[in-house]
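Colleague: Mind having a look at this structure? Questions to follow.
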Amino acid sequence: MVTSPVMRGDDVLAVQTRLAALGYAPGPIDGAYGPTTAAAVKDFQAGRGLDVDGKVGPQTLAALEASPAPPGPPRPASSLGVAALAEAARHLGVTENPPGSNRTPFGVWFGEDGVPWCNIFVSYCFSVGAGYTICDGFSGAGVKPGKGCAYVPTTEHWLSATGMWVGRTDPQAGDIAIFNWDGGEPDHIGIVQQNVGNGVFTTIEGNTSVGNNSNGGAVMQRTRHILQVDGFGRVQANP
């Protein structure tokens, strides 16, 4: 539905207004169906178990109209996420050994060393720092019982299925950030450190570098923008 020129009109304005009321982030409420609005539609579709195609067809429109606005104030920050963030900070500067090998202490802990490890790092931080196992009991690629998950799309699906997906909104410290560089399957994951404002936030991520966002070989602090994510997950013990 994102076209060139961008689709505009009152119907788009109504969709943007409804998305914003439901807690999603469609960008400016301006009646223009651009990439940010399309991403918000995808967030909504994922949360409702609809086909995630970014198109406001009859099923998506009906679901938008039928969905009640979330009650009360925004969900508070996750104490589990904050504990995982503190653990992540302890490992800033850790790199693969040897370089380019994907071999890290986190892979050894997970039981699958030598594989892409950004999601393994997040699993490690939640397990060791917060005593919480990501994707525990969830069926999907990359899940290892008692450890967590190694595959970013599975982690995103788990967050959505358990009600811990907060979408593309202002993040809080300890949130799980799910990155998507090309609009396909999500590519990368990190833990939010600080919401700077105006769509900018900082993270701590594993397997990243300034030259390679998704397989850079180090634990680093990164500065990111909300347009780079599918959205955020806020882990709660009892979501």
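Residue names in the structure tokens use chain letters A, B, ... in the order shown, residue numbers from 1 in each chain, and ligand numbers from 1 in the order shown.
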Extract, using only C-alpha atoms, all DNA, RNA and protein residues at most 8 Å from Glu65 of chain A, discarding same-chain residues fewer than 3 positions from it, and format them as a list in words.
Modeller: Arg18, Leu61 and Ala62 of chain A
Colleague: Let's have the selection written as a PDB file, in the first residue's frame, with N, CA and C atoms.
Modeller:
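Result file is result_6.pdb:
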ATOM      1  N   ARG A  18      -6.671   6.140  14.245  1.00  0.00           N
ATOM      2  CA  ARG A  18      -7.031   4.947  15.008  1.00  0.00           C
ATOM      3  C   ARG A  18      -5.791   4.225  15.530  1.00  0.00           C
ATOM      4  N   LEU A  61      -9.010  -3.488   8.500  1.00  0.00           N
ATOM      5  CA  LEU A  61      -9.875  -2.364   8.820  1.00  0.00           C
ATOM      6  C   LEU A  61     -10.905  -2.749   9.879  1.00  0.00           C
ATOM      7  N   ALA A  62     -11.485  -3.947   9.754  1.00  0.00           N
ATOM      8  CA  ALA A  62     -12.460  -4.401  10.737  1.00  0.00           C
ATOM      9  C   ALA A  62     -11.819  -4.554  12.113  1.00  0.00           C
TER      10      ALA A  62
END
Colleague: So that I can see what lies close to segment 187-200 of chain A, please list as a list of chain:residue names the residues with an atom at most 6 Å from it, counting only C-alpha atoms and leaving out residues fewer than 2 positions away in the same chain.
Modeller: A:Ala173, A:Gly174, A:Asp175, A:Ile176, A:Ala177, A:Ile178, A:Phe179, A:Asn180, A:Thr202, A:Thr203, A:Ile204, A:Glu205, A:Ser214, A:Arg224, A:His225, A:Ile226
Colleague: Please report, as a Markdown table, each residue of segment 106-139 of chain A lying at most 7 Å from segment 73-95 of chain A, together with the nearest pair of atoms and the separation in Å rounded to one decimal; use only C-alpha atoms, and order rows by chain and ascending residue number.
Modeller:
| residue | atom | partner | partner_atom | distance |
| --- | --- | --- | --- | --- |
| A:Cys125 | CA | A:Ala84 | CA | 4.8 |
| A:Phe126 | CA | A:Ala84 | CA | 4.6 |
| A:Gly129 | CA | A:Ala84 | CA | 4.8 |
| A:Ala130 | CA | A:Ala83 | CA | 5.2 |
Colleague: Kindly indicate which residue among A:Ala32, A:Ala40, A:Val115, A:Ala46 lies nearest to Asn215 of chain A, using only C-alpha atoms for the distances.
Modeller: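 Closest candidate: A:Val115.
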Colleague: Could you tell me how far atom CA of Gly34 of chain A lies from atom CA of Arg48 of chain A, in Å and to one decimal?
Modeller: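 One can read the atom CA of Gly34 of chain A to atom CA of Arg48 of chain A distance as 21.4 Å.
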Colleague: Extract, using only C-alpha atoms, all DNA, RNA and protein residues at most 8 Å from Ser123 of chain A, discarding same-chain residues fewer than 4 positions from it, and format them as a PyMOL selection string.
Modeller: chain A and resi 119+127+133-134+147-150
Colleague: So how far away is atom CA of Glu185 of chain A from atom CA of Val219 of chain A, in Å?
Modeller: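 Distance reported for this atom pair: 22.5 Å.
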Colleague: Between A:Ala39, A:Asp30, A:Glu112, A:Arg103, which has the minimum distance to Asp11 of chain A (counting only C-alpha atoms)?
Modeller: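 Answer, going by the shortest atom-to-atom distance: A:Asp30.
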